[in-house]
Every structure is written in C-alpha cells, then in structure tokens.
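Report on the following structure.
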2 protein chains.
Amino acid sequence: MKNYIKHDNWNIIEEGFHVENNRISESLFSLGNGRMGQRGNFEEKYSGDSMQGTYIAGVYYPDKTRVGWWKNGYPEYFAKVLNAPSWIGINVEIEGEELDLNTAEVIDFKRVLNMKDGFLYRTFTARLASGKEVKVEATRFCSIVDDEAGVIKYAITPLNFSGNIKFTPTVDADVVNEDSNYDEKFWTEAAKGNETGFAYVTAEVRKTLFQVTTAMDYAITVAGAEQALNPTLAEAEKFVSQTVEVSAKEGEEVVFTKYAAVVSSLNHDKAALVDAAKAELAKIKAKGFDAMLAEQAEAWASKWELSDIKIEGDVAAQQGIRFNIFQLNQTYTGEDARLNIGPKGFTGEKYGGVTYWDTEAYCVPFYLCTADPKVARNLLVYRHNHLERAIENAGKLGFDNGAALYPMVTINGEECHNEWEITFEEIHRNGSMSYAIYNYIRHTQDYAYLAEYGFDVLLGVARFWAQRVHFSEHKNQYVMHGVTGPNEFDNNVDNNWYTNYIASWSMRYAQEAVDYVKANHADRYAELVAKNNFNEAEETAKWKDIVDNMYYPYDEKRDIFLQADNFLDKEQILVKDLDPKHLPLVHNWSWDRILRSNFIKQADVLQGLYFFEHEFDVPTLKRNYDFYEPRTVHESSLSPCVHSIIAARIGDMERAYEFYLRTSRLDLDNYNEDSQDGCHTTSMAGTWMSVIEGFGGKRVIDEQLSLEPQIPSEWEAYTFKIVWRGATMDIRVDHENVTIKNNTDVAAEMLVYGAKQELAGNGELVIPVKK
Amino acid sequence: MKNYIKHDNWNIIEEGFHVENNRISESLFSLGNGRMGQRGNFEEKYSGDSMQGTYIAGVYYPDKTRVGWWKNGYPEYFAKVLNAPSWIGINVEIEGEELDLNTAEVIDFKRVLNMKDGFLYRTFTARLASGKEVKVEATRFCSIVDDEAGVIKYAITPLNFSGNIKFTPTVDADVVNEDSNYDEKFWTEAAKGNETGFAYVTAEVRKTLFQVTTAMDYAITVAGAEQALNPTLAEAEKFVSQTVEVSAKEGEEVVFTKYAAVVSSLNHDKAALVDAAKAELAKIKAKGFDAMLAEQAEAWASKWELSDIKIEGDVAAQQGIRFNIFQLNQTYTGEDARLNIGPKGFTGEKYGGVTYWDTEAYCVPFYLCTADPKVARNLLVYRHNHLERAIENAGKLGFDNGAALYPMVTINGEECHNEWEITFEEIHRNGSMSYAIYNYIRHTQDYAYLAEYGFDVLLGVARFWAQRVHFSEHKNQYVMHGVTGPNEFDNNVDNNWYTNYIASWSMRYAQEAVDYVKANHADRYAELVAKNNFNEAEETAKWKDIVDNMYYPYDEKRDIFLQADNFLDKEQILVKDLDPKHLPLVHNWSWDRILRSNFIKQADVLQGLYFFEHEFDVPTLKRNYDFYEPRTVHESSLSPCVHSIIAARIGDMERAYEFYLRTSRLDLDNYNEDSQDGCHTTSMAGTWMSVIEGFGGKRVIDEQLSLEPQIPSEWEAYTFKIVWRGATMDIRVDHENVTIKNNTDVAAEMLVYGAKQELAGNGELVIPVKK
C-alpha cells in the first residue's frame, strides 16, 4: 500500500514529486470526457519512468491473439483501445537547456486533480543544471462541453534569471502500446499538415482503418501581453511540432496555452476530418482557456448535482468515494450507444479497454441512479446492437436457432478473450444482459424498451440457456456442465449454482417479456416472432420444463446452496486460518492449487443472492453469507462491494464498513499493488453501490424505490443522491434521522423502512434512522 | 488419407514426384541413428514447399514460453530440439543452369527408404529449361556404426549432352525453426573454417550454449576416375561452401561423395570439437562410402534380428509394422541415458522433440522385448537423473518433503508445457515413472536397480501422491481433485479413476521397494533413508491409510469404474450415433463442447485396466471395454493400440484387428492428416504392442513370460521376436500352430496358453494355436 496521496474532500493531491510512484500517479491523475482521455503524463519532456497513455473511446486495434496452445473456438484477435496520438506535448527549453524533471532538481512539486471542476493542475519549481530556476503551473483538461477538445495552460516564470524560453508544442502519433502482443506499432500516417495556427497529424489504425486527426494551435502571453508567433516548423513520421521562442524576464510569467482538437472517423467522414479539427480548434480558441474552464466547472457541477455522495466526519472516505464517482463520470457519459466502460477507463492499457459483464452488473446500477435514464438505456442498446455478433459467437461454439452468447470481452460484439475456461465457460455473463434489462425496466418502467430492443436480447439469451443445459438421465433433472462461475478460482465445474440460477431466471424473464409484448404490442410481437423465427409454444414449453426441473446443488445439513457440485468434497479451510504469507493466492499459489482449494475469488453464490435478493429471505442470505464469506479471499475488485451490501442487509454493519473501506480507496491507496496499470474503473461503481445499496439500503421492490438506511458508527453523516422517475433527491443519513430532500418539483413515492412515504416536489421527509 | 506410398515388404517407396505431398514424404523418408537425424529433404537446392529439418539428440533451445494469459507456476520456456546445421546440401549447376526440381521438368522420380539396410535412395531424371537432361541417383544415410557421421553418394549422368557440372557442397548453420515462438534464430556462429579437404561451421545455440561442429569433405569420380579437387571457397555468416567443376560426358556417370561429421559439445570439449570433426571425417573418408554402407546394412541386420515382425499374406501390414520398428530404432539406440524419444523422433519440429510419458508407457515395453535390457534401463536412468528437477517442479506447485512431480514435457528435467489443465493437472504421468520401473524389473529381475536408482524415484512419486490427495470429510475417503486423466477431452475433473488407481498403486509399489531394499541391501537402505530424510514409519503408514481408504468412482448399476465424478451425468451418446461430419471432434467442436460431452479422446479407465490387468478379471475388462470403447473417438495416436490389446484379451479379434490397422499405417497413409509435421514416433511402439501383447498375448505373469497367441483371420502367419532373459526367440503364429524357436543357446521358460513350457537353447516348440 502506497499512502502518499493527501486526504482532501474534493481534490486528489500529490505533494512532492513521488518519482518512484510516477506510474501510479499517472493513473490516478487521469482525465477523460467520455469521448477521450489520458493518463496524467507531463506536458514537457520526461525522460524518467512513465507509461504514456492517450485513449479515444471506440477506436481500437484487433491485436492478433497470442496463445500457447490453440483451442478450437478461440478468437483471432484481442481488440484493444489503443494508445492514441498524444496532443499534450509541450517541450520547454530554457536558454538551451531542456526542462526535464528527471534531470532537473525538483524543489517543490504538487499535482492536484480537481474533481469538483474537472481539471488537472500541476505546479513545480525546478533548478536546472545551470542553476536557473523556473516555476511552472500547468492546468489541463479534456472538455466535457466540447468533447473533441483538450486545452492546456502552461505558465512558466523564471525565478532567478532573465532569458529566452523555447516552447515546442507537438502532435505525436508515433506512439506504441506497451501491451502489444507482437511489439507492433498500431498507427500509420494518413496525412499531416504544419502551418502557423494549425498543425495536425491524421493517423490511421492498421487493420480497422479508423482515422484520427489530432490538431493543435496555441497562444503565448508574456506578463499578460499576447505575443506574435513566428514558429519554426518541424516534422517527422507521424509527428509535427512548432517551436516558438520568447524572451522572459525574471519574475514575469510566460503563459503558453495549447488548444487541441481530436476528431475521429467514428464521428466524421474521413475526408472531413481535417476540416472538422480546424473548426473545432477555431471554436475553442475563440472561447479561450478561461471560458472553457468556466464551462467545464459548470458542467461538472451538473454531474455532481446528480451523483455526489457527501460523507461527514471522514475525509479519507469522502475523497475515496468522490474519486470513484469522478472517474465513472469521466469515462462514460451515455451519449453514444457505441461506447462502453472499459475496466480501466482511460487510465491504462490493461484489459484492452473493452466491455465486460462489469458494465451490466455494476455500472448500469450506478448510471440508473445518478443520470438521465437514457445513459443506462444506451448501455443496453450497446448490447442490442451486438446481438447478431452474439448469435455468431454462440454459433462458433455449436449453438444454433438464434441462441446468443455475449462475449466475455468485446469492443465490437466479437469475442476477444482466449482462455477456454473463461471464454467458453464463464457464461453466466450472458444472464447479466437479461438482468440489466430487468433492472432498467424496474427502475424506469420503460416497458416500451422491451418491445423495441429488449425482446430480441432476452430471447437470444434464453435460447442459449435452453441449449446449454442438458437433461441428466442419471439425476432426472436438467444440469449444466463445464462452466466457470463468477468465482474464477474454480474452472470447468458442473452445476455452478449461480449460473444455473441466472440461466433459469433468464428463461423466466424471457417468458415475462413474451407475455408483455404479446399483450401490449401485438403487431410488434408478430414482427418479432417472424424476425426471430420464434416458435413460442415449443420454445416456451422447453423453458418451462427446464425452469421446473433445474438441478441446484444444495447441502441439506447446512441448508446452503452449493457453489458447484463437489464443493463440499474440497478440503474446508477458512481464510482466517491461512498463513497470510500465502495471500494473495493468485501470486503465491499455482493455479491447480487454487482450483483445488475451497477459496473463493469473488462473490459467486452471494452474487446470485445479491441479484435475486427478492426471491430469498434474510436468514437464507445470512446462512450463505456465513458459510461463503469466510472462504472468500476477495482477489477481485468486484468482490467486497457485494459482500458489503449483503453484510449491511443482514445487519452486520461492522463488516459492511470493513468491506466498504476495502473498495473505496482501492486505487488511491493502491491496495492491490497494481494502480500503476490504471484504475479499477468498473469496480468503482461497486463502491458507489456499497453506499447506496449497502448503507442506504436502496432497493427496488415491486418497481417502487425502497430505502432502509443505516449509518456506520465511524461517520457523522452521509448524503447520497438518487435520480428516480424524474425526481432528484438528496438522502442525508446521520445518527438521528434520515432526511430526504426533493430537489425537483416532481413528487416522489417510496418505501422507507418498509413504510410508504410521499415526497412532494421540493419537499422534505425526516424519518428517525434505524439503529 | 493420402495413399501414394507403394506397398512393399522392406521399402517405403514414392514413385513419381508427389510434389503436393512433399512435406509428408519428407517426414516418412526421415533418417536417424539415435544421435542425429533429418527429414527427407533434397541434397540439391529445392525452391518448392519444404520443411527443412536436421536434428541432434539432446541439443536444445529454451524457447521463451508464449502464452495468452499467464498462470502462476507456468514454466519460462519450452525446450525444443532445434533445427540444426544442415550437412546434406549439394547444389548442382549444369552449364550455368541450377538443378532445382521445382523449376525443372521431372521426368521420372523415385524415393526409396530401404529399411532393411538403413538408407535413403532417390533417383530422378530432370529436364532443365535448356532441354538438358540428367539422371540423378542419391544415396544417403546417418551411420549407426559411426554415429557422428553421415554420408551421401550423389551420382549424376548427363543424358543428352556433354558439359560442365558444378557441385557446391555446403554446411549451413543459418537455419530456423518454423515453430520458433518469437521468430528468432537459435544459432550463432562460434567459428568456421574453409580449406580444401575440410570445411566446417561451429555453431552455438543461444542461451544453452551447446556447440556443434558440422564439417564436410568430399570426393568426385567421373566415369569411375577420381578427380583432383580445385575448389572455389565461399563463406557467409554461419555458412561455408566449396564449388568444384568437372567436365562430364553424355552417358558418363559423375559421382559426388560427400562425407559429413557432426560433433557436439554434448560429447566433446568445446575446444576439441573441430579436431574431433576432422578426425571423424578422416576416419569415414578412409573407409569410403561402400564400406560404410556395408557396415550400415550389417548393423541394421542385427537390429532386425532382435526386433523384426514378419507378417505373411498382408504386404500393407508388413510394411506398416516394419516402418514403425525402423523409426523406433532410428530414434533411440539406448546407448546414452541423457537422450530420450521425442514424439516425432527426428522427423519434425512438433512437440519440441522432448520427453513425454509416452516413453514409459509405450516405448519401454518395446525396448524391453527387442533390445538388450540396458536400453530400457537407460530410459529409467534418464528419469532418475531428473529426480532433483522433478522435486523442484513439485515445489513450484506447493509440494514439499521430497515429493517429485515429473514434467509433462521435458528435455532436461524441467517442465516445458504451459497449459494449466495439462501441466499442473495431467499428473497421472507421474505414476508411469513408477510403472516403468516395475515393468523393467518384472522383465529383467534386475532388483539391484531398485537399490541403485529405483528407490529414490519411487519414493519421490509416492510422496507426491500422498500430498496430492486430500481426505474428504464429506465422503470419509481420500479423494483427488482437479486432475486431467489420459483422456484430455475432460479437464480439471475430480477423482479420475485411472489417476486415483495409479496413485494408489504407486504407493503400494513404493512400499514393496522399501521392503525389498531394506531386506536385501540394508546398508544402502540406511543411506537412502538418510539421503531422502525418509521417515519410514510415518510415511508408509500414511501411504497405507490412503491406499486403504481411496475413493474410486464406480457405477453399481453397470458394475463399471467411472472415469471421473459426474461422468454419468453427462449426456450419453455413442460415437456410432454421431454424425461423422463432426469428426474429428478436435477440429470441429469448440473446446467446451468437447469437455461437456462424454466422448473420450483415448483410453483412460482402459489405460488403467491395461497397466494393471493382473489385478482384474476378464469380465471386468469386458464390461468396462463395452462401456467406454463406444464413447471413444481415438483422437490420440496412443489410443487404438490399448484398445486393440484389450479387445484381443476379451476375445474380440475382429475389433482388435481393426484397431491394429488404424495404428500400423497411421503415418504411411496419413490417417490423421498431419504426417507433414513428422511421424508419430512414440505411438509406433504402441503398434508394436498391438501385435506382441494383443495378437501374441504376451504378458509377464509373476515375472514369467506368458504367451497366448491368436491370429487375425486376414493374415496367413506372423512372426515376432522376444528378447527374454538372454534368449532371443522367434514366435511364429499361423492358423495351425505357434512355433517358438530359440535363436540362442540360452534356455528359456515360459507359459504358453497358461501351461509351463521349457525351451532349450536353440530349441523349438510347436503348440497348436488357440482358435
């Protein structure tokens, strides 16, 4: 654990240059606007250890699969959101000496991620070899208002000399991915141009042929006076730069403002890219830096208005939760159904920046409660748009008649992952596609979605399950063999309880969708039946037969669901009895030893009880929690949140708080020793869930909002927000009361501690908190 | 199936140049002498499709592991017997035109592998673009008498012209492996020399630093007259050549004889390599080609004397079995305990040319019956020499106290394989190490081996099993989770019957070894106890407890052993009911579908019944055979032989013969469509087993030789040889009698059809054959 980040309510702060943690800082100080993002790299040249990262959502490279031993069915490539042309470079030369924090003496240094207003600020004083000292203040952001633009204000003051300063702003498309499978470069040059006022590179991704034009313009003031530009132009392959020189006086600030436009063929005709970049540049330069920053702060204020969580009496917790919410909002804005949320967002290369079931299980709940419903809806439409590919994917594995298997990892709907035990077997993910639709509709009552997009997906998923189970003559029940549950610490098991359950539930829910669409959208239903070649009578009868006769592994003695067949045959050891030197198991044990053990990576049976809590009573939750949690090592960032929520539900607030702590500062405190690779963006939604669903006890019961707030003894109060059917509410919980304030003039209904409450527009409810 | 090889009792013949099958022919026409070998590549330049392959036993490269997703415990490299410097090149230029069968018109062409005498002969007539026609006859072999030498007689006759012919013999160390993980070259140049009479390259393998000196000399005769040499010397990196030109007359034969020495640092000091090569070359050149060939034929006659199988009335079967025996004898001679038998021998790159459990399960039985016992003994010593590494390997997986896990794939004792389900889980291989010792001793009664080498290995293996099982409170028995049985079509199963059985047997046999060594070699026993820190009382008590309380999956209803837990829960489908278009499954089904199915790749329960037949009765064999064989797709070359033997044992000679057919011409007829990659060398021993143990009914019962011959109706007669305690016997079986002839003056005892028989030195027994 690296505990070098200063605690603060609204800012992430590094004081002093922690050079040994630079890659971690680069992850933590990442910026994004949903469309593009980047790691917290320096503008000026840095010759020390760094992982350069600029990313453009949806622009990917299909990196040829690397595998030890090929298995039939493996995908041909792993789609990577690739490291994109960098627009941030501003090299600085002072009287012939290059400014480089790796070689200069760094006298003071501070990096601040201002989460309230959405920008990155960095200041330092450096002493060069010559003894010259300069102070630098750099402010940078990716605009969420102009989402194809980024801007940097780079202010430099000579402290003990007067002299010439050269600025060399660059556009550099000659970038690489550190995780390239075959050490290839992914970009080629399509075009470039370099004139005063407009320098650009249009780079093309190999194979996918996406084009991105990255363009720059800039302005300089010395002591507030705008300078005329007379740059020296330079070019290289996939690279343009301009060098300007100003004369600076001791104590006088020189401000270099760099404007950048990043436009891609995802949103523009290729032929129009350069013009689009030029127009964007002109627009933002006309606005100017200060106006852009003001707009940025305003836009972020709106986001916080819907999604903030305020914690009183615990700055570390406050900072942690805001960091998580900030990263989620930086990563995905919900405006484009072609985009999704990579496990690392725009903060690193790992996992390829593509879509996992994390989106449906963790991110959809977050956006459902903190944004306009269209945001979550776009996440559903993303999967709908991939349905044909999911059907093809299932076809590759031998399924037919429209059965759909959504990929474990994807960017364009095609499977990218290549471990058979995951790719082919971790199929529970398919159920979460149905679950997300169910979740969306119970939140929004947007039943029309079922007719428009939902039905197809639910049908494809149900068809998959109906083919994936088989009837065991021996058991006289339906069974499902050869799966990997959410607990990836067991592979190729038979009858994973969670998978069997979500499979069965998916078929039940598909039946509900059939009934609803048939009854309420008869014409559309006829269309859907024809389009999908759906034999209602036969297929739904099959679903019912499976639902009625599904086998669920169960232990009578303990009255618990068994994670999978033979689970109790394993040597039963509790995590507390394990010598801590073995942890984390994934680093210390061989894979077979992990598989043979009863240790669980992340919620599995409990994930099912979390999803389907309404179908179980609290004693059942408790029995299963009491059995499984002590066997769980939580070596997935997605594990503690589910445990926190269930612990709160069964009244164990102490454990709930412990689990919460484990997730909320995961990246800031680098718990898993991997923040250098990027942040755990999708699991951040799980942290949010711990507060709202765990402590806040938020549920949707019979399509009604229900709250059962509790408060950890460590906190004075906390306030969260919920967007619910047009109303936005602040729910403040302290040790006396739950105070629910309606910030809109839309009235709201809800259950609080099971009792129905009416909340008038702009009204307030005060209810004593449950102890 | 490519059926282009002509049937012949003693030769493998390709008539006409089957250019589309060239890679297959290159595999089939491979040569070897146990020390080195090569594919049937052409001497002269060939610009068509070809896989060049020269191999030197024991000289390997640790190719960095390539893997999609790293798992803790994976090895760092895959050791490959690498493509070695080529000594066969003789480029030919005729009046300025290069001889290249890819560009010339090939008028006739014939390749013959003469298995009786051990050489490769190739003749062709080619018409060059100019219209010039030449006849070529090339004869080549790797000497088994001078096992660091190879020789080529390359005779060329101008048919329709007189003119100059240039010969350019080469030594080429600038070679690559097609299967290099990272497209690297494995060799660097250490030295080279080029003078008339002695040209060489000393090449060094990267990382392992093995050095190999490959040297050549040559002679030319025109119309029988030796020519003076006045070569033009040429060199390049890792390459030397000499060009000589002779004037040839129409109809007069020009004979170019190339002598090559291949010496390696495995057998010589690096500093002495060049001298060793020079001495070897001088020796063989002094002998001359004809004398070398005569010695070669004589040496092969001795090999055939011990190992031939003669089949009367079926030329295809005769050719098939001799091809198998020939390849086995080419690959391993048993003179060097550092060497072993790669699955492809010297015929291709696939599988890296390293050691699998094939050696213990299939090859040891072959060499035990067809060679001096020291040959099989050296195979055992090979594993003994790797014991420390096997203990380290087990340590990497978390085992301790001297537990040894022999690798799935190795060359130097370290694990090379990197699929977790195989590397970490296909641990039954460990039992075959013990089984091979048991098999050797029951054949030879060399009990001293136990004290000298066997004890350590048996102890390490038994210790591994004792730690690998665990006691299931739930079952109240010992179980073994997370294994892959010989049937690799199911992975990570619990309680694979075969693995549980061989584990238990290994502990029983280790106990026997303890008892024997303790009783007969008390001093050595004390030494072994101390060296291995062996706590006899405690450890053997543990073994006994496991042996007495091991769980074996079993189906009462069918009275059969279950391959693994849940096997009967699988959907039960027979291979005969499967649409043949699905076969082979490994090419047509995704991996998860294969795993979920009840289809079996190769003998698993039946492998156990084969190994431990003496512990079961024939009805048990039959019940299990009748259940499993119809579910077996035999997609391993190691499967049909075991089924053939068991079918013969339970009296189903028709099926036994069918299975035999499937194995004996596997490569010649390219059944599996993969002969281009090389021959299935280790499975060839299985074919031999089908005849001797299947049809011949050869067993060792209470350390006595036992025969129960039967004859397939398709054959007139067959004769096999058995080396047994100093005697060598011919056993001829026809439809009337079994005739056993003792070729030595050592008397032999045996059971024939269960009745004890005495066979005097040079005597003969005639016994009516069992119908």
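Going through the structure tokens in order, the chains are called A, B, and so on, while each chain numbers its residues from 1 and the ligands are numbered from 1 in the order shown.
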
Inset, instruction - Write down as a VMD selection string the residues of stretch 251-497 of chain A whose backbone DSSP state falls under helix (DSSP H, G or I). - result: chain A and resid 270 to 287 289 to 307 315 to 331 350 to 353 358 to 370 373 to 385 387 to 396 420 to 423 428 to 444 448 to 468 497

Inset, instruction - Select residues of chain A: the criterion is any atom within 6 Å of an atom of chain B, counting only C-alpha atoms; output as a list of chain:residue names. - result: A:Arg66, A:Val67, A:Gly68, A:Asn72, A:Gly73, A:Leu397, A:Phe424, A:Ser472, A:His474, A:His481, A:Gly482, A:Asp569, A:Ser590, A:Trp591, A:Asp592, A:Arg596

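Comparing the minimum interatomic distances between A:Gln38 and each of A:Thr214, A:Thr410, A:Thr333, A:Asn83, counting only C-alpha atoms, we find that A:Asn83 sits nearest.
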
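Each of B:Ser690, B:Thr257, B:Thr123, B:Thr681 was checked against B:Asp290 using only C-alpha atoms; the smallest atom-to-atom distance is that of B:Thr257.
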
Inset, instruction - Tell me which of B:Ala530, B:Ile740, B:Leu379, B:Ala404 sits closest to B:Ile391, counting only C-alpha atoms. - result: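 Nearest to B:Ile391: B:Ala404.
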